[in-house]
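J.: final-v9.csv is reproduced below (CSV, C-alpha atoms).
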```csv
chain,number,residue,atom,x,y,z
A,1,ASP,CA,-28.0,-73.0,-193.1
A,2,SER,CA,-25.6,-70.2,-192.0
A,3,GLU,CA,-22.7,-71.9,-193.9
A,4,ARG,CA,-24.9,-72.2,-197.0
A,5,HIS,CA,-25.7,-68.5,-196.6
A,6,CYS,CA,-22.0,-67.5,-196.3
A,7,TYR,CA,-21.2,-69.6,-199.3
A,8,GLU,CA,-23.7,-67.7,-201.4
A,9,THR,CA,-22.4,-64.4,-200.0
A,10,ASN,CA,-18.8,-65.3,-200.9
A,11,ALA,CA,-19.9,-66.4,-204.4
A,12,ARG,CA,-21.9,-63.1,-204.9
A,13,LEU,CA,-19.2,-60.7,-203.7
A,14,ASN,CA,-16.4,-62.6,-205.4
A,15,THR,CA,-18.0,-62.7,-208.8
A,16,ASP,CA,-20.5,-59.9,-209.2
A,17,VAL,CA,-19.6,-56.6,-210.7
A,18,LEU,CA,-20.5,-54.2,-207.9
A,19,PRO,CA,-22.4,-51.0,-208.8
A,20,LEU,CA,-20.7,-47.6,-208.2
A,21,ARG,CA,-23.0,-46.8,-205.2
A,22,ALA,CA,-21.8,-50.0,-203.5
A,23,LEU,CA,-18.2,-49.3,-204.3
A,24,ARG,CA,-18.5,-45.8,-202.7
A,25,PHE,CA,-20.2,-47.2,-199.6
A,26,ILE,CA,-17.5,-50.0,-199.2
A,27,SER,CA,-14.8,-47.4,-199.6
A,28,GLU,CA,-16.1,-45.3,-196.7
A,29,VAL,CA,-16.5,-48.4,-194.5
A,30,GLN,CA,-12.9,-49.4,-195.4
A,31,ARG,CA,-11.6,-46.0,-194.4
A,32,LYS,CA,-13.3,-46.1,-191.1
A,33,ILE,CA,-11.9,-49.5,-190.3
A,34,GLU,CA,-8.4,-48.6,-191.5
A,35,ARG,CA,-8.3,-45.4,-189.4
A,36,LEU,CA,-9.5,-47.3,-186.3
A,37,LEU,CA,-7.0,-50.2,-186.6
A,38,GLY,CA,-3.9,-48.3,-187.7
A,39,PRO,CA,-0.9,-50.2,-189.0
A,40,CYS,CA,-0.8,-54.0,-188.5
A,41,VAL,CA,2.2,-54.6,-186.2
A,42,PRO,CA,2.1,-58.3,-185.0
A,43,HIS,CA,4.6,-57.7,-182.2
A,44,ASN,CA,2.2,-55.1,-180.6
A,45,ILE,CA,-0.8,-57.3,-181.1
A,46,PHE,CA,0.8,-60.5,-179.8
A,47,ASP,CA,2.0,-58.7,-176.6
A,48,GLU,CA,-1.6,-59.1,-175.5
A,49,CYS,CA,-1.9,-62.9,-176.0
A,50,ARG,CA,-3.2,-64.9,-173.1
A,51,TRP,CA,-4.1,-68.5,-172.4
A,52,SER,CA,-7.8,-69.0,-171.8
A,53,GLY,CA,-9.7,-71.6,-169.8
A,54,GLY,CA,-11.7,-72.7,-172.8
A,55,ALA,CA,-11.8,-76.1,-174.5
A,56,THR,CA,-9.5,-76.7,-177.5
A,57,VAL,CA,-9.6,-79.0,-180.5
A,58,SER,CA,-7.8,-81.7,-178.4
A,59,LEU,CA,-9.0,-80.9,-174.8
A,60,ARG,CA,-12.4,-80.9,-173.3
A,61,ARG,CA,-13.3,-77.9,-171.1
A,62,CYS,CA,-12.8,-79.9,-167.9
A,63,GLU,CA,-9.2,-80.7,-169.1
A,64,ALA,CA,-8.3,-77.3,-170.5
A,65,SER,CA,-6.3,-75.8,-167.6
A,66,LEU,CA,-3.2,-73.8,-168.3
A,67,SER,CA,-1.0,-76.6,-167.0
A,68,GLN,CA,-2.6,-79.1,-169.4
A,69,LYS,CA,-2.2,-76.8,-172.3
A,70,VAL,CA,1.5,-76.1,-171.8
A,71,SER,CA,2.5,-79.6,-170.7
A,72,ARG,CA,1.5,-81.4,-173.8
A,73,THR,CA,1.6,-81.0,-177.6
A,74,LEU,CA,0.3,-77.6,-178.7
A,75,THR,CA,-2.2,-77.9,-181.5
A,76,VAL,CA,-2.0,-75.2,-184.2
A,77,THR,CA,-3.0,-74.7,-187.8
A,78,SER,CA,-0.3,-74.6,-190.5
A,79,ARG,CA,-0.8,-70.9,-191.3
A,80,ALA,CA,-0.7,-69.9,-187.6
A,81,LEU,CA,2.4,-71.9,-186.8
A,82,ARG,CA,5.0,-69.3,-187.8
A,83,HIS,CA,3.3,-66.7,-185.6
A,84,LEU,CA,3.1,-69.1,-182.7
A,85,GLU,CA,6.8,-70.0,-183.0
A,86,SER,CA,7.7,-66.3,-183.1
A,87,VAL,CA,5.8,-65.6,-179.9
A,88,MET,CA,7.0,-68.7,-178.1
A,89,ASP,CA,10.6,-67.8,-178.9
A,90,SER,CA,10.2,-64.4,-177.2
A,91,VAL,CA,12.0,-63.6,-174.0
A,92,TRP,CA,8.9,-63.7,-171.7
A,93,LEU,CA,8.3,-67.4,-172.5
A,94,GLU,CA,11.9,-68.6,-172.2
A,95,ALA,CA,11.2,-70.0,-168.7
A,96,LEU,CA,8.7,-72.6,-170.2
A,97,PRO,CA,9.9,-76.0,-171.3
A,98,THR,CA,10.1,-76.7,-175.0
A,99,ILE,CA,6.6,-77.6,-176.2
A,100,PRO,CA,6.1,-79.7,-179.4
A,101,TYR,CA,3.6,-78.6,-182.0
A,102,GLU,CA,1.0,-80.6,-183.7
A,103,VAL,CA,-0.3,-79.1,-186.9
A,104,VAL,CA,-4.1,-79.7,-187.3
A,105,ARG,CA,-6.5,-78.7,-190.1
A,106,GLY,CA,-8.9,-76.6,-188.0
A,107,ASN,CA,-11.3,-76.6,-185.1
A,108,ARG,CA,-13.7,-79.0,-183.5
A,109,GLY,CA,-17.4,-78.2,-183.9
A,110,VAL,CA,-19.5,-78.1,-180.7
A,111,MET,CA,-23.3,-77.5,-180.1
A,112,VAL,CA,-24.5,-75.6,-177.1
A,113,PRO,CA,-28.0,-74.5,-176.1
A,114,LYS,CA,-29.1,-71.1,-177.3
A,115,THR,CA,-32.7,-71.2,-176.4
A,116,ALA,CA,-35.1,-73.9,-175.2
A,117,LYS,CA,-35.7,-74.8,-178.9
A,118,VAL,CA,-32.4,-74.0,-180.7
A,119,SER,CA,-28.8,-75.0,-180.4
A,120,ARG,CA,-25.9,-72.8,-181.3
A,121,PRO,CA,-22.8,-74.0,-183.2
A,122,ILE,CA,-19.5,-72.9,-181.6
A,123,ALA,CA,-16.0,-74.2,-182.0
A,124,ALA,CA,-13.1,-75.4,-179.9
A,125,GLU,CA,-10.1,-73.9,-181.5
A,126,PRO,CA,-6.5,-75.3,-181.7
A,127,ALA,CA,-4.7,-74.2,-178.5
A,128,GLY,CA,-2.0,-72.3,-180.3
A,129,ASN,CA,-4.5,-70.4,-182.5
A,130,ALA,CA,-6.7,-69.6,-179.4
A,131,PHE,CA,-3.6,-68.2,-177.7
A,132,LEU,CA,-2.8,-65.8,-180.6
A,133,GLN,CA,-6.5,-64.9,-181.2
A,134,GLN,CA,-6.7,-63.6,-177.6
A,135,GLY,CA,-4.1,-61.0,-178.5
A,136,VAL,CA,-6.1,-59.9,-181.6
A,137,GLY,CA,-9.3,-59.8,-179.6
A,138,ARG,CA,-7.8,-57.6,-176.8
A,139,PHE,CA,-6.2,-55.3,-179.3
A,140,LEU,CA,-9.5,-54.8,-181.3
A,141,ARG,CA,-11.4,-54.3,-178.0
A,142,ARG,CA,-9.0,-51.5,-177.0
A,143,ARG,CA,-9.1,-49.8,-180.3
A,144,LEU,CA,-12.9,-49.8,-180.5
A,145,LYS,CA,-13.0,-47.8,-177.3
A,146,THR,CA,-11.5,-44.9,-179.2
A,147,VAL,CA,-14.8,-44.5,-181.1
A,148,GLY,CA,-17.0,-45.0,-178.1
A,149,VAL,CA,-17.7,-48.7,-178.6
A,150,ASN,CA,-16.9,-50.3,-175.2
A,151,LEU,CA,-17.3,-54.1,-175.3
A,152,ASP,CA,-16.6,-54.2,-171.5
A,153,ASP,CA,-19.8,-52.3,-170.8
A,154,GLN,CA,-23.3,-53.3,-172.0
A,155,SER,CA,-24.9,-50.4,-170.1
A,156,ILE,CA,-24.2,-48.1,-173.1
A,157,ASN,CA,-26.6,-50.1,-175.3
A,158,GLN,CA,-29.0,-50.7,-172.4
A,159,ASP,CA,-29.2,-47.0,-171.6
A,160,ALA,CA,-29.8,-46.2,-175.3
A,161,ALA,CA,-32.7,-48.7,-175.4
A,162,PHE,CA,-34.2,-46.9,-172.4
A,163,ARG,CA,-33.9,-43.5,-174.2
A,164,ALA,CA,-34.9,-44.9,-177.6
A,165,MET,CA,-38.6,-43.9,-177.5
A,166,VAL,CA,-37.8,-40.3,-176.5
A,167,ASP,CA,-34.6,-39.8,-178.6
A,168,GLY,CA,-35.9,-41.5,-181.7
A,169,LEU,CA,-33.5,-44.4,-181.7
A,170,ALA,CA,-33.8,-47.9,-183.2
A,171,THR,CA,-32.5,-51.1,-181.6
A,172,ILE,CA,-31.4,-53.5,-184.2
A,173,ASP,CA,-30.5,-57.2,-183.7
A,174,LEU,CA,-29.2,-59.7,-186.2
A,175,SER,CA,-29.8,-63.4,-186.7
A,176,SER,CA,-26.8,-65.7,-186.4
A,177,ALA,CA,-24.5,-62.7,-186.7
A,178,SER,CA,-21.1,-64.4,-186.2
A,179,ASP,CA,-22.1,-67.4,-188.3
A,180,THR,CA,-23.0,-65.2,-191.2
A,181,LEU,CA,-19.7,-63.1,-191.2
A,182,SER,CA,-18.3,-64.5,-194.4
A,183,VAL,CA,-14.7,-64.7,-195.6
A,184,SER,CA,-15.4,-62.4,-198.5
A,185,VAL,CA,-16.9,-59.6,-196.3
A,186,VAL,CA,-13.8,-59.6,-194.1
A,187,ARG,CA,-11.5,-59.6,-197.1
A,188,LEU,CA,-13.5,-56.7,-198.7
A,189,LEU,CA,-13.6,-54.4,-195.6
A,190,LEU,CA,-10.3,-54.9,-193.7
A,191,PRO,CA,-6.9,-53.6,-194.8
A,192,PRO,CA,-4.9,-56.3,-196.6
A,193,SER,CA,-2.3,-56.7,-193.9
A,194,TRP,CA,-4.9,-57.1,-191.2
A,195,TYR,CA,-6.9,-59.5,-193.3
A,196,ASP,CA,-3.8,-61.7,-193.9
A,197,LEU,CA,-3.0,-61.8,-190.2
A,198,LEU,CA,-6.5,-62.7,-189.1
A,199,PHE,CA,-6.8,-65.2,-191.9
A,200,ASP,CA,-3.6,-66.9,-190.7
A,201,LEU,CA,-5.1,-67.2,-187.2
A,202,ARG,CA,-8.6,-68.5,-188.1
A,203,SER,CA,-9.5,-72.1,-188.5
A,204,PRO,CA,-10.2,-72.9,-192.2
A,205,THR,CA,-12.1,-76.1,-191.3
A,206,THR,CA,-14.3,-77.6,-188.6
A,207,THR,CA,-14.7,-81.3,-187.7
A,208,TRP,CA,-18.2,-82.4,-186.8
A,209,SER,CA,-19.5,-86.0,-186.3
A,210,GLY,CA,-16.4,-87.5,-187.8
A,211,SER,CA,-16.4,-85.3,-191.0
A,212,THR,CA,-14.3,-82.3,-191.8
A,213,TYR,CA,-15.8,-79.2,-193.6
A,214,PHE,CA,-14.2,-76.2,-195.1
A,215,LEU,CA,-15.8,-73.0,-193.6
A,216,SER,CA,-17.4,-70.3,-195.6
A,217,LYS,CA,-17.8,-68.1,-192.5
A,218,PHE,CA,-14.6,-66.3,-191.4
A,219,SER,CA,-14.7,-67.4,-187.8
A,220,SER,CA,-17.2,-68.9,-185.3
A,221,MET,CA,-18.0,-68.2,-181.7
A,222,GLY,CA,-15.1,-69.9,-179.9
A,223,ASN,CA,-12.6,-67.9,-181.9
A,224,ALA,CA,-11.3,-65.4,-179.4
A,225,PHE,CA,-11.5,-62.4,-181.8
A,226,THR,CA,-14.9,-63.2,-183.4
A,227,PHE,CA,-16.9,-60.9,-181.1
A,228,GLU,CA,-14.6,-58.0,-181.5
A,229,LEU,CA,-14.3,-58.4,-185.2
A,230,GLU,CA,-18.0,-58.5,-185.8
A,231,SER,CA,-18.5,-55.5,-183.5
A,232,LEU,CA,-15.9,-53.6,-185.6
A,233,ILE,CA,-17.6,-54.4,-188.9
A,234,PHE,CA,-21.1,-53.7,-187.6
A,235,TRP,CA,-19.9,-50.4,-186.1
A,236,ALA,CA,-18.2,-49.3,-189.4
A,237,ILE,CA,-21.3,-50.2,-191.5
A,238,SER,CA,-23.7,-48.6,-189.0
A,239,GLN,CA,-21.6,-45.4,-188.6
A,240,THR,CA,-21.3,-45.0,-192.4
A,241,CYS,CA,-25.1,-45.2,-192.7
A,242,VAL,CA,-25.5,-42.6,-189.9
A,243,ASP,CA,-23.0,-40.3,-191.5
A,244,GLN,CA,-25.0,-40.5,-194.8
A,245,GLN,CA,-28.5,-40.3,-193.4
A,246,CYS,CA,-28.2,-38.5,-190.1
A,247,PRO,CA,-24.9,-36.8,-189.6
A,248,GLY,CA,-23.9,-36.4,-186.0
A,249,GLY,CA,-26.5,-39.0,-184.9
A,250,PHE,CA,-26.0,-41.6,-182.2
A,251,CYS,CA,-24.4,-44.9,-183.1
A,252,THR,CA,-23.1,-47.7,-181.0
A,253,THR,CA,-22.7,-51.5,-181.3
A,254,TYR,CA,-22.2,-54.4,-178.9
A,255,GLY,CA,-21.6,-57.4,-181.1
A,256,ASP,CA,-24.7,-57.5,-183.2
A,257,ASP,CA,-26.7,-55.3,-180.9
A,258,ILE,CA,-26.9,-52.0,-182.9
A,259,VAL,CA,-28.4,-48.7,-181.9
A,260,VAL,CA,-28.9,-46.0,-184.5
A,261,PRO,CA,-31.4,-43.2,-185.2
A,262,GLN,CA,-34.7,-44.5,-186.4
A,263,THR,CA,-34.4,-42.7,-189.7
A,264,VAL,CA,-31.3,-44.7,-190.5
A,265,THR,CA,-33.0,-48.1,-190.2
A,266,PRO,CA,-34.0,-48.6,-193.8
A,267,LEU,CA,-30.6,-47.7,-195.1
A,268,LEU,CA,-28.8,-49.8,-192.5
A,269,THR,CA,-31.0,-52.8,-193.2
A,270,GLU,CA,-30.2,-52.5,-196.9
A,271,TRP,CA,-26.5,-52.5,-196.4
A,272,LEU,CA,-26.5,-55.2,-193.8
A,273,THR,CA,-28.4,-57.4,-196.2
A,274,PHE,CA,-25.9,-56.5,-199.0
A,275,PHE,CA,-23.1,-57.8,-196.9
A,276,GLY,CA,-24.9,-61.1,-196.2
A,277,PHE,CA,-26.3,-60.3,-192.7
A,278,MET,CA,-29.9,-61.0,-191.7
A,279,VAL,CA,-31.8,-58.5,-189.5
A,280,ASN,CA,-33.9,-60.3,-186.9
A,281,THR,CA,-37.2,-58.6,-187.3
A,282,THR,CA,-38.7,-60.1,-184.2
A,283,LYS,CA,-36.0,-58.6,-182.0
A,284,SER,CA,-35.4,-55.3,-183.8
A,285,PHE,CA,-37.5,-52.2,-183.0
A,286,SER,CA,-37.5,-48.9,-185.0
A,287,ASP,CA,-40.8,-47.4,-183.8
A,288,GLY,CA,-43.4,-47.7,-181.1
A,289,CYS,CA,-42.9,-47.8,-177.4
A,290,PHE,CA,-40.9,-51.1,-176.9
A,291,PHE,CA,-37.1,-51.4,-177.4
A,292,GLU,CA,-34.5,-53.9,-176.4
A,293,SER,CA,-30.7,-54.1,-176.4
A,294,CYS,CA,-28.2,-56.2,-174.6
A,295,GLY,CA,-30.8,-58.1,-172.6
A,296,LYS,CA,-32.7,-55.0,-171.3
A,297,HIS,CA,-36.3,-54.5,-172.3
A,298,TYR,CA,-38.2,-51.2,-172.0
A,299,CYS,CA,-41.8,-50.3,-172.7
A,300,SER,CA,-42.9,-46.7,-172.5
A,301,LEU,CA,-39.7,-46.0,-170.4
A,302,GLU,CA,-40.5,-48.7,-168.0
A,303,ASP,CA,-38.1,-51.6,-167.4
A,304,VAL,CA,-39.9,-54.8,-168.3
A,305,THR,CA,-37.0,-57.1,-168.6
A,306,PRO,CA,-38.2,-60.6,-167.6
A,307,ALA,CA,-36.6,-62.9,-165.1
A,308,PHE,CA,-34.4,-65.4,-167.1
A,309,GLN,CA,-34.4,-69.0,-165.9
A,310,LYS,CA,-32.2,-70.9,-168.2
A,311,GLU,CA,-32.4,-74.3,-166.7
A,312,VAL,CA,-35.0,-76.5,-165.1
A,313,VAL,CA,-35.1,-75.9,-161.4
A,314,GLY,CA,-33.8,-78.9,-159.6
A,315,ARG,CA,-34.6,-80.1,-156.1
A,316,SER,CA,-31.5,-78.7,-154.4
A,317,LEU,CA,-32.0,-75.9,-151.9
A,318,GLN,CA,-29.4,-73.7,-153.7
A,319,GLU,CA,-31.2,-73.9,-157.1
A,320,LEU,CA,-34.5,-73.1,-155.4
A,321,ILE,CA,-33.0,-70.1,-153.6
A,322,ARG,CA,-31.5,-68.8,-156.8
A,323,PHE,CA,-34.8,-69.2,-158.7
A,324,HIS,CA,-36.6,-67.4,-155.8
A,325,ASN,CA,-34.1,-64.5,-155.9
A,326,ARG,CA,-34.5,-64.0,-159.6
A,327,LEU,CA,-38.3,-63.7,-159.3
A,328,TYR,CA,-37.9,-61.4,-156.2
A,329,ARG,CA,-35.5,-59.0,-158.0
A,330,TRP,CA,-37.8,-59.0,-161.0
A,331,GLY,CA,-40.8,-58.2,-158.8
A,332,VAL,CA,-38.9,-55.3,-157.2
A,333,ARG,CA,-37.6,-54.0,-160.5
A,334,THR,CA,-41.0,-54.1,-162.3
A,335,ASN,CA,-43.1,-53.1,-159.2
A,336,SER,CA,-44.9,-56.5,-159.5
A,337,MET,CA,-44.4,-57.8,-155.9
A,338,HIS,CA,-48.1,-58.7,-155.7
A,339,ILE,CA,-47.5,-61.3,-158.5
A,340,VAL,CA,-44.4,-62.8,-156.7
A,341,LYS,CA,-46.2,-63.0,-153.4
A,342,ASP,CA,-49.4,-64.5,-154.9
A,343,SER,CA,-47.3,-67.1,-156.7
```
Any chance you could give the structure as structure tokens?

T.:
Amino acid sequence: DSERHCYETNARLNTDVLPLRALRFISEVQRKIERLLGPCVPHNIFDECRWSGGATVSLRRCEASLSQKVSRTLTVTSRALRHLESVMDSVWLEALPTIPYEVVRGNRGVMVPKTAKVSRPIAAEPAGNAFLQQGVGRFLRRRLKTVGVNLDDQSINQDAAFRAMVDGLATIDLSSASDTLSVSVVRLLLPPSWYDLLFDLRSPTTTWSGSTYFLSKFSSMGNAFTFELESLIFWAISQTCVDQQCPGGFCTTYGDDIVVPQTVTPLLTEWLTFFGFMVNTTKSFSDGCFFESCGKHYCSLEDVTPAFQKEVVGRSLQELIRFHNRLYRWGVRTNSMHIVKDS
């Protein structure tokens, strides 16, 4: 469904004649992103590359140690190969033995649980791509801090959710945010040099159940810069709306968790929809007494965040103790110890 949605967004933005109002809005979002990113200097970006412990297109997670990744053929897409060769030839990697490359078409699709009812598609990237993506992700994360978006600290959004009822803020959440970030939106909003680099490092295809599919989304969860890239784009769109509707108003993002003034909500919803994103109306709050962001729930300034039990409690003592402690902490936090004791 998300891929079909991205395909339609790509077709619309690539073929439609955009109205003047849209062109002006896009231009302002582009300027914000360009000022934040600065010039695209691959050497500075790739200085922050790291090997991760995640699965790759050829290695399961249990096999994906650093020694495994650098002791066998490195998988990489054709467009990312020249960047990987440049980094691997640098002085700091001369101590490693020569590692052969295997050019692959793209990533490997994986399904993981999202909720009790829904699975989430992610991807295991080629090892070489994942290594380079780590550099981009770290660079974007550092640059976002210059505008107050700290992806290392969820408490900024959580505190805003607490203040939302008093300060007139709205907490906005999107459905399948990373899976609806289409290629056309990234091409439209990022400076050309940055788009070209990120396009080189993404996986253009995914393999699932023996079949290979070309992707209409720009990158999936599993790509090491997806979270930072979506945070950048959502911040730029949201901040542009705030500047137009409520100059000087509060604005922050953490992935697709967005906080803006309540008066900005209609305008922000309009432009998010224009760019192919879908506001999750069941998890977005722009009035009333209940607000939620980054996993913290507040009702009339009271913390009502539930205890999250993400798996069936087994029979081991350790699992039972962890379950008990979650309920106990919830009881203390919500002043509901009588419920915990009675149960």

J.: Mind listing whatever residues come within 8 Å of the point (-5.1, -81.7, -187.2)? Use all atoms listed in the file, file coordinates, and give them as a PyMOL selection string.

T.: chain A and resi 75-77+102-106

J.: Looking at A:Val147, A:Ala160, A:Cys49, A:Leu181, which one is nearest to Ser293 in chain A, with distances taken over all atoms listed in the file?

T.: A:Ala160

J.: Separation of CA of Val29 in chain A and CA of Phe250 in chain A, in Å?

T.: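 Computing it gives 17.0 Å between the two atoms.
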
J.: Pick the closest to Glu48 in chain A from A:Thr212, A:Ser300, A:Gln133, A:Thr226: which is it, counting only C-alpha atoms?

T.: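 Counting only C-alpha atoms, the residue closest to Glu48 in chain A is A:Gln133.
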
J.: Residues within 12 Å of Ser211 in chain A, please, as number ranges by chain. Count only C-alpha atoms; anything in the same chain fewer than 2 positions from it doesn't count.

T.: A: 105-109, 205-209, 213-214

J.: Nearest to Phe162 in chain A among A:Asn44, A:Thr305, A:Ser52, A:Thr115, with distances taken over all atoms listed in the file: which residue is it?

T.: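 For Phe162 in chain A, the nearest of the candidates is A:Thr305.
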
J.: Taking all atoms listed in the file into account, which of A:Arg79, A:Arg4, A:Lys114, A:Arg50 comes nearest Glu311 in chain A?

T.: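 Of the candidates, the smallest distance to Glu311 in chain A is held by A:Lys114.
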
J.: Given the choices A:Ala170, A:Ala55, A:Met111, A:Ile156, which gets closest to Phe285 in chain A if the distance is worked out from all atoms listed in the file?

T.: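 Smallest distance to Phe285 in chain A is found for A:Ala170.
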
J.: With distances taken over all atoms listed in the file, which of A:His324, A:Lys296, A:Arg141, A:Arg163 is nearest to Phe225 in chain A?

T.: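 Checking each candidate against Phe225 in chain A, we get A:Arg141 as the closest.
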
J.: Using CA of Asn223 in chain A and CA of Phe199 in chain A as the two end points, give the distance in Å to one decimal.

T.: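 Between CA of Asn223 in chain A and CA of Phe199 in chain A the gap works out to 11.9 Å.
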
J.: Contacts of Val183 in chain A at 7 Å or less, counting only C-alpha atoms, minus same-chain residues fewer than 6 places along, as a ChimeraX atom specification?

T.: /A:10,216-218

J.: Based on the selection just made, write C-alpha atoms of those residues as a PDB file, keeping the file's coordinate frame.

T.:
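out30.pdb, freshly written:
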```pdb
ATOM      1  CA  ASN A  10     -18.800 -65.300-200.900  1.00  0.00           C
ATOM      2  CA  SER A 216     -17.400 -70.300-195.600  1.00  0.00           C
ATOM      3  CA  LYS A 217     -17.800 -68.100-192.500  1.00  0.00           C
ATOM      4  CA  PHE A 218     -14.600 -66.300-191.400  1.00  0.00           C
TER       5      PHE A 218
END
```
